[in-house]
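The data block below is coords.cif; it holds mmCIF, C-alpha atoms (C1' of nucleotides).
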data_start
loop_
_atom_site.label_atom_id
_atom_site.label_comp_id
_atom_site.auth_asym_id
_atom_site.auth_seq_id
_atom_site.Cartn_x
_atom_site.Cartn_y
_atom_site.Cartn_z
CA MET L 1 62.01 96.95 177.75
CA LYS L 2 62.03 93.20 177.59
CA ILE L 3 59.92 91.76 174.85
CA LYS L 4 56.57 90.41 175.86
CA TYR L 5 54.74 87.60 174.14
CA ASN L 6 50.97 87.36 174.28
CA LEU L 7 49.36 84.12 173.20
CA LEU L 8 45.98 85.11 171.79
CA HIS L 9 44.67 82.06 170.01
CA LYS L 10 45.50 78.44 169.33
CA ASP L 11 44.42 76.22 166.47
CA GLY L 12 45.78 72.80 167.28
CA ASN L 13 49.37 73.49 168.20
CA ALA L 14 49.55 76.51 165.90
CA ARG L 15 49.76 79.74 167.87
CA TYR L 16 48.60 83.24 167.05
CA GLY L 17 49.99 85.96 169.26
CA THR L 18 51.72 89.30 169.52
CA LEU L 19 55.20 90.34 170.39
CA GLU L 20 55.65 93.65 172.21
CA THR L 21 59.02 95.20 171.47
CA ASN L 22 60.92 98.46 171.86
CA TYR L 23 59.83 99.28 168.35
CA GLY L 24 56.17 98.34 168.30
CA ILE L 25 53.85 95.40 168.63
CA TYR L 26 53.97 92.70 165.97
CA GLU L 27 51.90 89.63 165.26
CA THR L 28 53.22 86.10 165.27
CA PRO L 29 53.94 83.67 163.70
CA MET L 30 56.42 85.79 161.79
CA PHE L 31 59.24 85.42 159.33
CA MET L 32 62.39 87.46 159.96
CA PRO L 33 64.67 88.49 157.08
CA VAL L 34 68.38 88.07 157.65
CA GLY L 35 70.72 91.03 157.47
CA THR L 36 73.98 89.59 158.69
CA GLN L 37 76.22 92.59 158.27
CA ALA L 38 73.75 95.21 159.47
CA THR L 39 71.97 95.18 156.13
CA VAL L 40 69.48 92.89 154.48
CA LYS L 41 71.58 92.42 151.38
CA THR L 42 70.49 94.70 148.50
CA LEU L 43 67.62 96.24 150.51
CA ASP L 44 67.38 99.50 152.43
CA PRO L 45 65.16 100.16 155.43
CA ARG L 46 62.38 101.59 153.25
CA ASP L 47 62.23 98.34 151.25
CA ILE L 48 62.14 96.33 154.45
CA LYS L 49 59.20 98.33 155.79
CA GLU L 50 57.37 98.11 152.50
CA ILE L 51 57.42 94.31 152.40
CA GLY L 52 55.73 94.23 155.80
CA SER L 53 58.67 92.94 157.74
CA ALA L 54 58.89 93.27 161.51
CA VAL L 55 62.02 91.85 163.12
CA ILE L 56 65.24 91.54 161.15
CA LEU L 57 68.38 89.63 162.06
CA SER L 58 71.96 90.70 162.30
CA ASN L 59 75.04 88.79 163.33
CA THR L 60 77.38 89.05 166.28
CA TYR L 61 80.28 87.35 164.57
CA HIS L 62 80.27 89.56 161.49
CA LEU L 63 79.80 92.84 163.31
CA TRP L 64 82.40 91.91 165.90
CA LEU L 65 85.03 91.43 163.18
CA ARG L 66 83.86 94.36 161.12
CA PRO L 67 83.31 97.18 161.93
CA GLY L 68 83.59 96.13 165.59
CA GLU L 69 80.93 96.39 168.29
CA ASP L 70 82.48 99.56 169.71
CA ILE L 71 81.93 101.42 166.47
CA VAL L 72 78.30 100.34 166.38
CA ASN L 73 77.95 101.29 170.04
CA LYS L 74 79.44 104.71 169.39
CA ALA L 75 77.00 105.20 166.53
CA GLY L 76 74.26 104.84 169.13
CA GLY L 77 73.57 101.14 168.66
CA LEU L 78 72.64 98.98 165.71
CA HIS L 79 69.32 100.71 165.00
CA LYS L 80 70.90 104.12 164.62
CA PHE L 81 73.95 102.74 162.87
CA MET L 82 71.86 101.18 160.11
CA ASN L 83 68.95 103.59 160.36
CA TYR L 84 66.38 100.89 161.05
CA ASP L 85 63.64 101.66 163.53
CA GLY L 86 62.16 98.19 163.78
CA PRO L 87 63.13 95.36 166.10
CA ILE L 88 66.46 93.64 165.55
CA LEU L 89 67.58 90.21 166.71
CA THR L 90 71.26 89.38 166.79
CA ASP L 91 72.43 85.84 166.32
CA CYS L 92 75.18 84.83 168.72
CA GLY L 93 77.83 84.01 166.13
CA GLY L 94 78.07 80.38 167.15
CA PHE L 95 76.82 79.00 163.88
CA GLN L 96 79.41 81.00 161.92
CA VAL L 97 82.29 80.23 164.25
CA PHE L 98 81.57 76.52 164.24
CA SER L 99 81.73 76.47 160.49
CA LEU L 100 85.27 77.86 160.68
CA ILE L 101 86.85 75.53 163.20
CA LYS L 102 89.37 73.01 161.99
CA ASN L 103 89.65 70.48 164.78
CA LYS L 104 86.52 69.91 166.82
CA LYS L 105 88.32 68.28 169.72
CA LYS L 106 91.03 70.90 170.00
CA ASP L 107 89.19 74.07 169.07
CA ILE L 108 86.03 73.63 171.12
CA THR L 109 86.97 74.09 174.75
CA GLU L 110 84.97 74.67 177.88
CA GLU L 111 86.02 78.30 177.73
CA GLY L 112 84.85 78.88 174.17
CA VAL L 113 85.69 78.31 170.53
CA ILE L 114 89.00 78.93 168.83
CA PHE L 115 88.82 79.66 165.13
CA LYS L 116 90.35 81.68 162.32
CA SER L 117 88.76 84.86 161.04
CA HIS L 118 87.39 84.48 157.52
CA LEU L 119 88.61 88.01 156.81
CA ASN L 120 92.30 87.77 157.62
CA GLY L 121 92.98 84.36 159.12
CA GLU L 122 93.64 85.79 162.57
CA ARG L 123 93.23 83.27 165.41
CA LEU L 124 90.37 84.31 167.66
CA LEU L 125 88.48 83.05 170.68
CA LEU L 126 84.76 83.53 171.05
CA THR L 127 83.26 82.74 174.44
CA PRO L 128 79.69 82.81 175.73
CA GLU L 129 80.53 85.92 177.77
CA LYS L 130 82.15 87.67 174.84
CA SER L 131 79.22 86.94 172.54
CA ILE L 132 76.75 88.38 175.04
CA GLN L 133 78.90 91.43 175.75
CA ILE L 134 79.17 92.16 172.06
CA GLN L 135 75.41 91.84 171.68
CA ASN L 136 74.83 94.08 174.69
CA LYS L 137 76.90 96.73 172.97
CA LEU L 138 75.23 96.26 169.60
CA ASP L 139 72.03 96.98 171.52
CA SER L 140 69.77 94.72 169.48
CA ASP L 141 66.31 94.02 170.86
CA ILE L 142 66.85 90.30 171.16
CA ALA L 143 70.17 88.62 171.85
CA MET L 144 70.87 84.93 171.50
CA SER L 145 72.80 82.69 173.86
CA PHE L 146 76.07 81.32 172.58
CA ASP L 147 75.57 77.68 171.65
CA GLU L 148 77.11 74.88 169.69
CA CYS L 149 75.13 73.94 166.65
CA ILE L 150 75.57 70.17 166.65
CA PRO L 151 76.30 68.81 163.20
CA TYR L 152 74.19 66.05 161.70
CA PRO L 153 74.63 63.22 162.07
CA ALA L 154 76.14 63.22 165.56
CA SER L 155 76.52 60.33 167.94
CA TYR L 156 74.46 60.27 171.09
CA ASP L 157 77.57 60.65 173.21
CA TYR L 158 78.79 63.67 171.31
CA ALA L 159 75.35 65.26 171.25
CA LYS L 160 75.10 64.77 175.00
CA GLU L 161 78.50 66.23 175.73
CA SER L 162 77.85 69.18 173.44
CA THR L 163 74.37 69.85 174.80
CA GLU L 164 75.66 69.85 178.37
CA ARG L 165 78.21 72.43 177.36
CA THR L 166 75.62 74.54 175.56
CA ILE L 167 73.60 74.60 178.76
CA ARG L 168 76.62 75.70 180.79
CA TRP L 169 77.37 78.34 178.19
CA ALA L 170 73.79 79.60 178.33
CA LYS L 171 74.13 80.10 182.09
CA ARG L 172 77.45 81.89 181.75
CA GLY L 173 76.06 84.21 179.11
CA LYS L 174 73.02 84.97 181.18
CA ASP L 175 75.18 85.78 184.20
CA VAL L 176 77.11 88.52 182.40
CA PHE L 177 74.14 89.81 180.41
CA ASN L 178 73.70 93.50 181.05
CA ASN L 179 71.28 95.52 178.96
CA GLU L 180 67.89 96.57 180.32
CA ARG L 181 66.38 97.20 176.91
CA GLN L 182 67.47 93.91 175.48
CA SER L 183 65.94 90.44 175.76
CA LEU L 184 67.82 87.16 175.81
CA PHE L 185 66.81 83.85 174.24
CA GLY L 186 68.12 80.43 175.15
CA ILE L 187 68.81 77.89 172.43
CA VAL L 188 67.61 74.32 172.73
CA GLN L 189 70.07 71.82 171.31
CA GLY L 190 70.16 68.05 171.73
CA GLY L 191 70.46 66.87 168.16
CA GLU L 192 67.94 64.28 167.09
CA TYR L 193 67.67 62.75 170.56
CA GLU L 194 64.41 63.25 172.39
CA ASP L 195 65.77 62.94 175.91
CA LEU L 196 68.54 65.45 175.19
CA ARG L 197 66.12 67.95 173.68
CA TYR L 198 63.85 67.52 176.66
CA TRP L 199 66.61 67.86 179.16
CA CYS L 200 68.11 70.91 177.42
CA ALA L 201 64.72 72.62 177.22
CA LYS L 202 64.05 71.91 180.88
CA GLU L 203 67.39 73.29 182.03
CA LEU L 204 67.01 76.42 179.94
CA VAL L 205 63.49 77.04 181.16
CA LYS L 206 64.78 76.90 184.73
CA MET L 207 67.05 79.81 183.86
CA ASP L 208 64.01 81.76 182.69
CA PHE L 209 64.92 83.26 179.34
CA ASP L 210 62.75 85.80 177.53
CA GLY L 211 62.23 83.37 174.71
CA TYR L 212 63.49 80.04 173.44
CA SER L 213 64.82 78.97 170.15
CA ILE L 214 65.28 75.59 168.59
CA GLY L 215 68.72 75.22 167.12
CA GLY L 216 70.66 72.53 165.36
CA THR L 217 68.10 72.08 162.60
CA SER L 218 68.49 72.42 158.85
CA VAL L 219 72.05 71.17 159.06
CA GLY L 220 71.67 68.38 156.55
CA GLU L 221 69.12 66.14 158.24
CA ASP L 222 66.06 64.94 156.38
CA LYS L 223 62.76 66.72 156.84
CA ASP L 224 61.17 64.15 159.09
CA THR L 225 64.12 64.29 161.46
CA MET L 226 63.97 68.05 161.51
CA TYR L 227 60.28 68.07 162.34
CA LYS L 228 60.91 65.57 165.10
CA MET L 229 63.64 67.74 166.57
CA VAL L 230 61.15 70.58 166.69
CA GLU L 231 58.51 68.44 168.34
CA TYR L 232 60.91 67.08 170.93
CA ALA L 233 62.12 70.52 171.93
CA ILE L 234 58.89 72.45 171.84
CA LYS L 235 56.92 70.08 174.05
CA TYR L 236 58.77 71.35 177.09
CA LEU L 237 58.76 75.06 176.36
CA PRO L 238 56.41 77.40 178.24
CA GLN L 239 53.31 78.70 176.48
CA ASP L 240 53.91 82.29 177.54
CA LYS L 241 57.25 82.72 175.79
CA PRO L 242 58.01 82.92 172.07
CA ARG L 243 59.53 79.97 170.24
CA TYR L 244 61.97 80.64 167.47
CA LEU L 245 63.07 78.01 164.95
CA MET L 246 66.49 79.04 163.73
CA GLY L 247 67.51 78.97 160.12
CA VAL L 248 64.34 77.51 158.72
CA GLY L 249 62.66 79.12 155.79
CA GLU L 250 61.51 76.87 153.00
CA PRO L 251 57.84 77.71 152.51
CA THR L 252 56.62 74.24 153.41
CA ASP L 253 58.85 74.20 156.49
CA LEU L 254 57.15 77.34 157.77
CA PHE L 255 53.84 75.51 157.76
CA GLU L 256 55.34 72.45 159.41
CA GLY L 257 56.94 74.67 162.05
CA VAL L 258 53.80 76.62 162.79
CA SER L 259 51.76 73.45 163.04
CA ARG L 260 54.14 72.36 165.81
CA GLY L 261 53.93 75.62 167.73
CA VAL L 262 56.73 77.79 166.34
CA ASP L 263 56.28 81.57 166.45
CA MET L 264 59.36 82.94 164.74
CA PHE L 265 61.50 81.89 161.79
CA ASP L 266 64.50 83.30 160.03
CA CYS L 267 66.34 82.14 156.96
CA VAL L 268 68.84 83.33 154.40
CA LEU L 269 67.11 81.32 151.73
CA PRO L 270 64.77 83.94 150.26
CA THR L 271 67.51 86.50 149.80
CA ARG L 272 70.21 84.06 148.76
CA LEU L 273 67.93 82.39 146.23
CA ALA L 274 67.02 85.83 144.96
CA ARG L 275 70.64 86.74 144.35
CA HIS L 276 71.00 83.56 142.35
CA GLY L 277 67.92 84.18 140.28
CA HIS L 278 65.33 81.94 141.95
CA ALA L 279 61.86 83.02 142.98
CA PHE L 280 59.15 81.53 145.15
CA THR L 281 55.72 81.21 143.61
CA LEU L 282 52.57 79.51 144.82
CA ASP L 283 53.29 76.75 142.30
CA GLY L 284 56.81 76.16 143.58
CA LYS L 285 60.21 77.64 143.12
CA ILE L 286 61.25 78.87 139.69
CA ASN L 287 64.64 79.68 138.22
CA LEU L 288 64.44 82.98 136.38
CA LYS L 289 67.68 82.21 134.60
CA ASN L 290 65.95 79.52 132.59
CA TYR L 291 65.91 80.07 128.84
CA LYS L 292 62.14 79.72 128.70
CA TYR L 293 61.68 83.05 130.47
CA ARG L 294 63.69 85.10 127.98
CA ALA L 295 60.58 86.55 126.36
CA ASP L 296 58.09 86.00 129.18
CA PHE L 297 56.61 89.40 129.87
CA SER L 298 54.38 88.32 132.74
CA PRO L 299 55.19 89.08 136.39
CA VAL L 300 57.31 86.69 138.45
CA ASP L 301 54.18 85.84 140.43
CA SER L 302 50.91 87.23 139.11
CA GLU L 303 49.26 86.73 142.50
CA CYS L 304 51.86 88.72 144.41
CA ASP L 305 51.42 92.29 145.62
CA CYS L 306 55.09 93.23 145.86
CA TYR L 307 56.89 96.06 144.08
CA CYS L 308 58.72 93.59 141.86
CA CYS L 309 55.64 91.72 140.70
CA LYS L 310 53.53 94.82 140.23
CA ASN L 311 56.06 96.57 138.00
CA PHE L 312 58.45 94.19 136.27
CA THR L 313 58.44 91.15 133.99
CA LYS L 314 60.18 87.81 134.14
CA ALA L 315 62.06 88.58 130.93
CA TYR L 316 63.43 91.79 132.42
CA ILE L 317 64.42 90.17 135.71
CA ARG L 318 66.07 87.34 133.80
CA HIS L 319 68.04 89.87 131.82
CA LEU L 320 69.14 91.68 134.98
CA ILE L 321 70.19 88.51 136.76
CA ILE L 322 72.12 87.18 133.79
CA ALA L 323 73.77 90.55 133.29
CA ASN L 324 74.65 90.46 137.00
CA GLU L 325 72.87 93.73 137.65
CA THR L 326 72.15 94.37 141.32
CA LEU L 327 68.64 95.58 140.57
CA GLY L 328 67.70 92.03 139.63
CA GLN L 329 68.96 90.73 142.95
CA LYS L 330 67.13 93.47 144.76
CA LEU L 331 63.79 92.97 143.03
CA LEU L 332 63.85 89.22 143.60
CA SER L 333 64.89 89.75 147.23
CA ILE L 334 61.87 91.98 147.66
CA HIS L 335 59.64 89.38 146.05
CA ASN L 336 60.95 86.34 147.93
CA LEU L 337 60.76 88.10 151.29
CA ARG L 338 57.33 89.47 150.57
CA PHE L 339 56.26 85.98 149.53
CA LEU L 340 57.23 84.47 152.88
CA ILE L 341 55.89 87.38 154.88
CA ARG L 342 52.60 87.17 153.07
CA ILE L 343 52.42 83.46 153.79
CA MET L 344 52.82 84.30 157.45
CA GLU L 345 50.08 86.91 157.21
CA ASN L 346 47.76 84.32 155.73
CA ILE L 347 48.79 81.78 158.32
CA ARG L 348 47.90 84.19 161.13
CA VAL L 349 44.47 84.78 159.67
CA SER L 350 43.92 81.06 159.22
CA ILE L 351 44.85 80.35 162.84
CA LYS L 352 42.48 83.01 164.09
CA ASN L 353 39.73 81.40 162.02
CA ASP L 354 40.64 77.89 163.17
CA LYS L 355 41.44 76.98 159.58
CA PHE L 356 45.17 76.60 159.74
CA MET L 357 45.35 72.94 158.72
CA GLU L 358 43.11 73.58 155.73
CA TYR L 359 45.30 76.42 154.59
CA LYS L 360 48.42 74.34 155.16
CA ASP L 361 47.14 71.46 153.04
CA GLU L 362 45.98 73.78 150.31
CA PHE L 363 49.31 75.59 150.17
CA ILE L 364 51.52 72.52 150.29
CA ASN L 365 49.52 70.60 147.70
CA ARG L 366 49.76 73.44 145.26
CA TYR L 367 53.36 74.36 146.02
CA LYS L 368 54.57 70.85 145.38
CA SER L 369 52.43 70.23 142.37
CA GLU L 370 54.65 71.86 139.77
CA LYS L 371 58.00 71.69 141.41
"C1'" G M 1 104.08 96.02 95.74
"C1'" C M 2 107.62 94.02 99.31
"C1'" G M 3 108.79 91.85 104.25
"C1'" G M 4 107.02 89.49 108.73
"C1'" A M 5 103.43 87.13 111.99
"C1'" U M 6 98.97 84.49 112.90
"C1'" G M 7 94.78 81.30 111.31
"C1'" U M 8 92.00 75.37 116.69
"C1'" G M 9 84.09 75.34 119.17
"C1'" G M 10 80.23 81.75 120.06
"C1'" U M 11 85.01 84.09 122.37
"C1'" G M 12 90.01 83.57 124.36
"C1'" A M 13 93.63 80.00 124.44
"C1'" A M 14 96.69 74.97 125.08
"C1'" G M 15 98.46 70.84 122.40
"C1'" U M 16 99.96 66.41 119.43
"C1'" G M 17 102.85 62.60 113.06
"C1'" G M 18 98.39 57.84 115.38
"C1'" U M 19 92.24 55.29 119.89
"C1'" U M 20 87.06 60.01 122.91
"C1'" A M 21 91.90 67.63 120.82
"C1'" A M 22 93.07 70.43 127.14
"C1'" C M 23 91.34 74.56 129.83
"C1'" A M 24 88.70 79.20 130.64
"C1'" C M 25 84.68 82.47 129.44
"C1'" A M 26 79.91 82.37 127.26
"C1'" U M 27 75.57 79.23 126.86
"C1'" U M 28 72.09 75.42 129.15
"C1'" G M 29 70.37 72.82 133.62
"C1'" G M 30 70.82 71.85 138.88
"C1'" A M 31 72.25 73.05 144.06
"C1'" U M 32 71.80 76.63 148.12
"C1'" U M 33 67.83 76.50 155.24
"C1'" G M 34 71.00 80.80 162.79
"C1'" U M 35 74.46 84.44 154.54
"C1'" G M 36 81.98 84.49 152.87
"C1'" G M 37 76.49 89.02 147.36
"C1'" U M 38 81.61 87.40 142.82
"C1'" U M 39 79.77 80.19 145.45
"C1'" C M 40 79.42 74.89 144.09
"C1'" C M 41 78.04 70.79 140.64
"C1'" A M 42 76.84 69.13 135.83
"C1'" A M 43 75.84 69.40 130.60
"C1'" C M 44 76.61 71.24 125.72
"C1'" A M 45 79.57 72.65 121.50
"C1'" C M 46 79.04 71.82 112.79
"C1'" A M 47 86.62 73.65 116.38
"C1'" C M 48 92.06 72.44 113.90
"C1'" G M 49 91.23 78.76 107.20
"C1'" U M 50 91.04 76.51 101.72
"C1'" G M 51 93.34 73.30 98.11
"C1'" G M 52 97.26 70.16 97.00
"C1'" G M 53 101.66 67.21 98.53
"C1'" U M 54 104.87 63.87 101.82
"C1'" U M 55 103.33 59.60 104.90
"C1'" C M 56 100.52 53.36 106.49
"C1'" G M 57 98.36 57.71 108.91
"C1'" A M 58 98.43 65.05 108.85
"C1'" U M 59 95.25 69.61 113.18
"C1'" U M 60 100.70 68.75 113.54
"C1'" C M 61 105.66 68.44 108.20
"C1'" C M 62 106.06 70.88 102.92
"C1'" C M 63 103.88 74.06 98.88
"C1'" A M 64 100.24 77.30 96.94
"C1'" C M 65 96.11 80.20 97.82
"C1'" C M 66 92.80 83.01 100.96
"C1'" A M 67 91.94 85.95 105.37
"C1'" U M 68 93.52 89.00 109.41
"C1'" C M 69 97.24 91.95 111.81
"C1'" C M 70 101.98 94.58 111.87
"C1'" G M 71 105.95 96.96 109.34
"C1'" U M 72 107.60 99.27 104.85
"C1'" C M 73 107.50 101.94 99.90
#
Have the structure of the file written as structure tokens, please.
Amino acid sequence: MKIKYNLLHKDGNARYGTLETNYGIYETPMFMPVGTQATVKTLDPRDIKEIGSAVILSNTYHLWLRPGEDIVNKAGGLHKFMNYDGPILTDCGGFQVFSLIKNKKKDITEEGVIFKSHLNGERLLLTPEKSIQIQNKLDSDIAMSFDECIPYPASYDYAKESTERTIRWAKRGKDVFNNERQSLFGIVQGGEYEDLRYWCAKELVKMDFDGYSIGGTSVGEDKDTMYKMVEYAIKYLPQDKPRYLMGVGEPTDLFEGVSRGVDMFDCVLPTRLARHGHAFTLDGKINLKNYKYRADFSPVDSECDCYCCKNFTKAYIRHLIIANETLGQKLLSIHNLRFLIRIMENIRVSIKNDKFMEYKDEFINRYKSEK
RNA sequence: GCGGAUGUGGUGAAGUGGUUAACACAUUGGAUUGUGGUUCCAACACACGUGGGUUCGAUUCCCACCAUCCGUC
């Protein structure tokens, strides 16, 4: 089935709703953990369920190169391959490919993008059609259109040229799309320019996607610019479809996104920070590697209900991280993901009670206070 | 006992007769936003075995001693 979004309540621009998927109905706004290579690094499906996660991400580019979409298809699709029975969204691979190109003018063509594999240096071409066909085979629940993530800063002329191409690519991808059980999202680009965001959103909406995402953010721009990009794009998106802000996941950004009408977020930050020894807490981010935690036998976050915080101490986690033991990475990944997912749970309750802005202010004031 | 080799920060390891003695690891702090899990940046360090000698000047050259390692009786 195609996913179905139900808008159930609004508090300002913040939206509370549900997302009906092949694998159950989930509430939004939601945070989606990233599992690029068909695994949320260090976690298994039981861990993912336990932290209250719904949708997880995987990546077209990585699975295309290894093990190859045909292998995954033969396994019975991504869910069976990785033994995950929740919804999966696949990113189109554009973001990864664009980080590998050498010469923007030469390697980005109307047909697609030429780049070198990070695995063996092989020259490859990824096109909008190819990206969609791979995703069709992976059989994720939500596929993403192939887009160009415009770097920041970008000139108006370049942003315009690139956005026009992204729109053409979206159409081409949609034309070859062929999987009844899968949904397809369009990606709004346009850089920091309001008219381009508007125009891109309008063109994509005409094509009638199952959902819309806002791309080209968190690429080095300052926060105010990022929030503006979101505002510019979201204004023109339909109320009855989900909005997904790609790559955004700092706790405060989740609040800023929700307050502007975003329903879905994903980010590598919680798991990457975890692997490097950092943890989210209500008082800000902490670095467990710091000397001062060597004999601190309190939990990472005493107000957290996750497996890590209920059973282990800072001193122990610090030891594991410094000793490069994978259990440390795993426990902090569990905590950081649970932290964001719990924020989203609280946000949903606050929206339903028309108290979102109060919760937002309370959270942000405290989070920043000890940073 | 005899012969040989080596002694440079917590560890490993460059190097020089002359202003602030590399570098790496470790340690400490920071970074990280549609993931290249082992990444990047920065800081720190009572370091030239001990005692003499040569020299304007010695970590560097010479002697003795000490320590460690190897070989040998």
Dump as a tab-separated table the rows for residues of chain L within 7 Å of chain M: closest atom pair and distance in Å with one decimal, only C-alpha atoms (C1' of nucleotides) counted, ordered by chain and rising residue number.
residue	atom	partner	partner_atom	distance
L:Thr36	CA	M:U35	C1'	6.6
L:Asp91	CA	M:G34	C1'	6.3
L:Phe95	CA	M:G34	C1'	6.2
L:Ser218	CA	M:U33	C1'	5.5
L:Met246	CA	M:G34	C1'	4.9
L:Gly247	CA	M:G34	C1'	4.8
L:Val248	CA	M:U33	C1'	5.0
L:Gly249	CA	M:U33	C1'	5.8
L:Glu250	CA	M:U33	C1'	6.7
L:Cys267	CA	M:U33	C1'	6.1
L:Val268	CA	M:U35	C1'	5.7
L:Leu269	CA	M:U33	C1'	6.0
L:Arg275	CA	M:G37	C1'	7.0
Inset, instruction - Apply the PyMOL selection byres ((chain M and resi 65) around 12) to the displayed file and report the matching residues as an NGL selection string. - result: :M and (49-52 or 63-64 or 66-67)
Inset, instruction - Find the residue from L:Asp305, L:Asp224, L:Asp263, L:Asp147 that sits nearest to Met30 of chain L; use all atoms listed in the file when measuring. - result: L:Asp263
Legend entry - Point-to-point distance from atom C1' of A26 of chain M to atom CA of Ile286 of chain L, Å rounded to tenths: 22.7 Å
Determine the residue membership of the PyMOL selection byres ((chain L and resi 33) around 10) for the file above and supply it as a short mmCIF file (atom, residue, chain, number, x, y, z; two decimals) with C-alpha atoms, in the frame of the given file.
data_model
loop_
_atom_site.label_atom_id
_atom_site.label_comp_id
_atom_site.auth_asym_id
_atom_site.auth_seq_id
_atom_site.Cartn_x
_atom_site.Cartn_y
_atom_site.Cartn_z
CA MET L 30 56.42 85.79 161.79
CA PHE L 31 59.24 85.42 159.33
CA MET L 32 62.39 87.46 159.96
CA VAL L 34 68.38 88.07 157.65
CA GLY L 35 70.72 91.03 157.47
CA THR L 36 73.98 89.59 158.69
CA THR L 39 71.97 95.18 156.13
CA VAL L 40 69.48 92.89 154.48
CA LYS L 41 71.58 92.42 151.38
CA ILE L 48 62.14 96.33 154.45
CA SER L 53 58.67 92.94 157.74
CA ALA L 54 58.89 93.27 161.51
CA VAL L 55 62.02 91.85 163.12
CA ILE L 56 65.24 91.54 161.15
CA LEU L 57 68.38 89.63 162.06
CA SER L 58 71.96 90.70 162.30
CA GLY L 249 62.66 79.12 155.79
CA PHE L 265 61.50 81.89 161.79
CA ASP L 266 64.50 83.30 160.03
CA CYS L 267 66.34 82.14 156.96
CA VAL L 268 68.84 83.33 154.40
CA LEU L 269 67.11 81.32 151.73
CA PRO L 270 64.77 83.94 150.26
CA THR L 271 67.51 86.50 149.80
CA SER L 333 64.89 89.75 147.23
CA LEU L 337 60.76 88.10 151.29
CA ARG L 338 57.33 89.47 150.57
CA LEU L 340 57.23 84.47 152.88
CA ILE L 341 55.89 87.38 154.88
#
Legend entry - Distance query Gln329 of chain L at most 10 Å, all atoms listed in the file, self and fewer than 5 positions along chain excluded, as number ranges by chain: L: 41-43, 271-278, 317, 320-321, 324, 334-335; M: 37
Inset, instruction - I would like the residues chosen by the PyMOL selection byres ((chain L and resi 347-352) around 12) on the shown file; could you give them as a VMD selection string? - result: chain L and resid 7 to 18 26 to 31 251 to 252 254 to 259 261 to 263 340 to 346 353 to 363
Legend entry - Spatial neighbours of U54 of chain M, 12 Å, all atoms listed in the file, chain gap at least 5 places, as an MDAnalysis selection string: chainID M and resid 17 61:63
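Atom CA of Lys80 of chain L is found 27.3 Å from atom CA of Leu245 of chain L.
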Inset, instruction - Mind listing whatever residues come within 8 Å of the point (60.4, 86.8, 178.4)? Use only C-alpha atoms (C1' of nucleotides), file coordinates, and give them as a PyMOL selection string. - result: chain L and resi 2-5+183-184+208-211+240-242
Inset, instruction - Have a look at atom CA of Ser131 of chain L and atom CA of Gln239 of chain L and let me know their distance in Å, one decimal. - result: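 Separation between atom CA of Ser131 of chain L and atom CA of Gln239 of chain L: 27.5 Å.
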Legend entry - For C25 of chain M: contacts at 12 Å, all atoms listed in the file, fewer than 3 positions along chain excluded, given as a list in words: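 Non-adjacent residues within range: G10, U11, G12 and A13 of chain M.
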Just the selected residues (C-alpha atoms (C1' of nucleotides)), exported as a PDB file, in the frame of the given file, please.
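Listed below is the output, part-v6.pdb:
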ATOM      1  C1'   G M  10      80.230  81.750 120.060  1.00  0.00           C
ATOM      2  C1'   U M  11      85.010  84.090 122.370  1.00  0.00           C
ATOM      3  C1'   G M  12      90.010  83.570 124.360  1.00  0.00           C
ATOM      4  C1'   A M  13      93.630  80.000 124.440  1.00  0.00           C
TER       5        A M  13
END
Which centre and which edge lengths, in Å to one decimal, describe the axis-aligned box that holds all listed atoms of segment 69-84 of chain L after 6 Å is added on each side, as JSON?
{"center_x": 74.4, "center_y": 100.8, "center_z": 165.1, "size_x": 28.1, "size_y": 20.8, "size_z": 21.9}
Inset, instruction - Please write as JSON, numbers by chain the list of polymer residues whose atoms come within 9 Å of (54.9, 81.7, 144.3), counting all atoms listed in the file and keeping to the coordinates of the file. - result: {"L": [279, 280, 281, 282, 283, 284, 285, 286, 300, 301, 302, 303, 304, 336, 339, 367]}
Inset, instruction - Choose the residue, out of L:Ile71, L:Ile142, L:Cys149, L:Ala323, that has the smallest atom-to-atom separation from Arg181 of chain L; count only C-alpha atoms. - result: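 When distances to Arg181 of chain L are compared using only C-alpha atoms, the smallest one comes from L:Ile142.
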Legend entry - Contacts of Met207 of chain L within 12 Å, only C-alpha atoms (C1' of nucleotides), excl. fewer than 3 positions in-chain, as a PyMOL selection string: chain L and resi 145+167-175+184-187+200-204+210-212
Keeping only C-alpha atoms, write those residues as a short mmCIF file (atom, residue, chain, number, x, y, z; two decimals), in the coordinates of the input.
data_model
loop_
_atom_site.label_atom_id
_atom_site.label_comp_id
_atom_site.auth_asym_id
_atom_site.auth_seq_id
_atom_site.Cartn_x
_atom_site.Cartn_y
_atom_site.Cartn_z
CA SER L 145 72.80 82.69 173.86
CA ILE L 167 73.60 74.60 178.76
CA ARG L 168 76.62 75.70 180.79
CA TRP L 169 77.37 78.34 178.19
CA ALA L 170 73.79 79.60 178.33
CA LYS L 171 74.13 80.10 182.09
CA ARG L 172 77.45 81.89 181.75
CA GLY L 173 76.06 84.21 179.11
CA LYS L 174 73.02 84.97 181.18
CA ASP L 175 75.18 85.78 184.20
CA LEU L 184 67.82 87.16 175.81
CA PHE L 185 66.81 83.85 174.24
CA GLY L 186 68.12 80.43 175.15
CA ILE L 187 68.81 77.89 172.43
CA CYS L 200 68.11 70.91 177.42
CA ALA L 201 64.72 72.62 177.22
CA LYS L 202 64.05 71.91 180.88
CA GLU L 203 67.39 73.29 182.03
CA LEU L 204 67.01 76.42 179.94
CA ASP L 210 62.75 85.80 177.53
CA GLY L 211 62.23 83.37 174.71
CA TYR L 212 63.49 80.04 173.44
#
